[in-house]
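**Student:** Pasting in a structure now, in structure tokens, and then I'll have a few things to ask.
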Amino acid sequence: MLPLLLTAAVLLFDRTVRRLGRAVLPSAVAPQEVLLLSAISVLTHPLLDSLNTYGVRWLMPFRGDWFYGDALFIVDPWLWLVLGLGLVASRARRGIRGYKVVAARPARIALAVAAAYVVAMLISGAAARRLARRELEALGGKPVDRLMLGPRPVTPLARSVVALQDGRYRVGSFHWLHRPHVDSLRTFPRPGPDDPGMAAAAATPLGRRFIAWARFPIVQVEANPNGGSLVHLIDLRYADRPGAGFGTVTIPIVTPRTASEPGPDTAAPSPPAGPAARTR
């Protein structure tokens, strides 16, 4: 939707300026080219989002299933660098006769390099998942039910490991240059459907949205200094402790009072009038 709105804004601006006759854009805007670029961006944006660990819900609004590629970091610095260099190298400059010319070759090379990088990350991710699954099952003696090898920024040879194995989450690192490839493993309990903290969080709108989005959720509960409890929801894709930033949320849960327990703004009931009160 946003690319279409930007396209409409560009075309409207171009037409308005030309009608007023007050200025001429540096280069004529071709509506067909702008619409083509907008269509390409609309198609490629969700495809690229499908390649990271955040995922895309392709079946909405019919189903809310998430689909993940686990191939690229959400904001991959190498893609930005390659495409940025291609853009800078292809900027318009003055030709021999003073006309502006655009060098298309650097942009095409940048696109080819970016595409090769994406394919390489997809292939290496699939190979890394096979190796990690084999090592985790050999180490734990149980099959791996779910597995994520999330890419890390700057370091294509290392990945973050999150696995569901034997009813628990195992979090660690994967390194192509290490033997074994999986190390630094830590274990986190997987909350069950009857977990009181998870049930309390799921009763709130924020908790329901987070649980529907989280891929490897854990829950931690602590006492709230202001009364009640603090339920910390954590998605092990992005965090491993409360308050770590992205991938965590804290929900205050107020403990309901019993009917016989006065609230802070409720005056305590007066004692029943005794004989002394009746004789005054």
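Identifiers in the structure tokens: chain A, B, ... in order shown; residue index from 1 per chain; ligand index from 1 in order shown.
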Among segment 123-165 of chain A, which residues carry a DSSP assignment of alpha helix (DSSP H), reported as a PyMOL selection string?
**Tutor:** chain A and resi 123-140
**Student:** Find the residues of segment 96-180 of chain A that sit at most 10 Å from segment 204-225 of chain A; for each, write down the nearest two atoms and how far apart they are in Å, to one decimal. Count only C-alpha atoms. Sort by chain, then by number going up, and give it as CSV.
**Tutor:**
residue,atom,partner,partner_atom,distance
A:Arg146,CA,A:Phe216,CA,9.4
A:Leu147,CA,A:Phe216,CA,9.8
A:Met148,CA,A:Phe216,CA,9.5
A:Val162,CA,A:Phe216,CA,7.8
A:Ala163,CA,A:Phe216,CA,8.6
A:Leu164,CA,A:Phe216,CA,8.2
A:Tyr169,CA,A:Phe216,CA,7.7
**Student:** Selected residues, C-alpha atoms, written as a PDB file, in the first residue's frame, please.
**Tutor:**
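again_18.pdb written:
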ATOM      1  CA  ARG A 146      11.598 -27.481  15.684  1.00  0.00           C
ATOM      2  CA  LEU A 147      14.784 -25.688  14.711  1.00  0.00           C
ATOM      3  CA  MET A 148      15.819 -22.168  13.756  1.00  0.00           C
ATOM      4  CA  VAL A 162      17.069 -22.116  18.817  1.00  0.00           C
ATOM      5  CA  ALA A 163      15.744 -25.672  18.978  1.00  0.00           C
ATOM      6  CA  LEU A 164      12.791 -27.402  20.580  1.00  0.00           C
ATOM      7  CA  TYR A 169      14.232 -24.997  24.263  1.00  0.00           C
TER       8      TYR A 169
END
**Student:** Atom CA of Asp76 of chain A and atom CA of Val161 of chain A are how many Å apart?
**Tutor:**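 That distance, rounded to one decimal, is 18.1 Å.
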**Student:** Any idea what's packed within 10 Å of Tyr54 of chain A, counting only C-alpha atoms, ignoring anything in its chain fewer than 6 positions away? Could you give it as a list in words?
**Tutor:** Trp66, Phe67, Tyr68, Gly69, Asp70, Phe73, Ile74, Gly150, Trp213, Ala214, Arg215, Arg237 and Tyr238 of chain A
**Student:** For Gln32 of chain A, which residue out of A:Ala8, A:Ser50, A:Gly55, A:Thr155 is the nearest one, using only C-alpha atoms?
**Tutor:**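 Nearest candidate to Gln32 of chain A out of A:Ala8, A:Ser50, A:Gly55, A:Thr155: A:Ala8.
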**Student:** A:Leu48, A:Leu59, A:Leu185, A:Ile123: which is nearest Val75 of chain A, counting only C-alpha atoms?
**Tutor:** A:Leu48
**Student:** Just how far from atom CA of Glu137 of chain A is atom CA of Phe174 of chain A, in Å to one decimal?
**Tutor:** 14.6 Å
**Student:** Which residues come within 10 Å of Gly243 of chain A, counting only C-alpha atoms, excluding same-chain residues fewer than 4 positions away, as a VMD selection string?
**Tutor:** chain A and resid 232 to 234 239 247 to 250
**Student:** Could you write those residues out with N, CA and C atoms, as a PDB file, in the first residue's frame?
**Tutor:**
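The resulting file, part_36.pdb, is reproduced below:
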ATOM      1  N   HIS A 232       6.611 -11.659  32.286  1.00  0.00           N
ATOM      2  CA  HIS A 232       7.532 -11.318  31.209  1.00  0.00           C
ATOM      3  C   HIS A 232       7.417 -12.384  30.113  1.00  0.00           C
ATOM      4  N   LEU A 233       7.041 -11.970  28.918  1.00  0.00           N
ATOM      5  CA  LEU A 233       7.022 -12.854  27.760  1.00  0.00           C
ATOM      6  C   LEU A 233       8.261 -12.571  26.919  1.00  0.00           C
ATOM      7  N   ILE A 234       8.952 -13.628  26.512  1.00  0.00           N
ATOM      8  CA  ILE A 234      10.222 -13.503  25.802  1.00  0.00           C
ATOM      9  C   ILE A 234      10.194 -14.446  24.609  1.00  0.00           C
ATOM     10  N   ALA A 239      15.708 -12.502  22.113  1.00  0.00           N
ATOM     11  CA  ALA A 239      16.094 -12.136  23.477  1.00  0.00           C
ATOM     12  C   ALA A 239      16.082 -13.379  24.348  1.00  0.00           C
ATOM     13  N   GLY A 247      11.616  -8.191  21.169  1.00  0.00           N
ATOM     14  CA  GLY A 247      11.358  -9.597  21.439  1.00  0.00           C
ATOM     15  C   GLY A 247      10.916  -9.879  22.853  1.00  0.00           C
ATOM     16  N   THR A 248      10.661  -8.858  23.657  1.00  0.00           N
ATOM     17  CA  THR A 248      10.186  -9.051  25.029  1.00  0.00           C
ATOM     18  C   THR A 248       9.038  -8.089  25.297  1.00  0.00           C
ATOM     19  N   VAL A 249       8.189  -8.469  26.213  1.00  0.00           N
ATOM     20  CA  VAL A 249       7.110  -7.602  26.656  1.00  0.00           C
ATOM     21  C   VAL A 249       6.787  -7.962  28.101  1.00  0.00           C
ATOM     22  N   THR A 250       6.452  -6.975  28.897  1.00  0.00           N
ATOM     23  CA  THR A 250       6.106  -7.186  30.304  1.00  0.00           C
ATOM     24  C   THR A 250       4.662  -6.766  30.518  1.00  0.00           C
TER      25      THR A 250
END
**Student:** From a DSSP pass on the backbone, collect the residues of segment 94-255 of chain A flagged as strand (DSSP E) and hand them back as a ChimeraX atom specification.
**Tutor:** /A:94,100-101,144-151,158-165,168-175,182-189,217-223,229-235,248-253
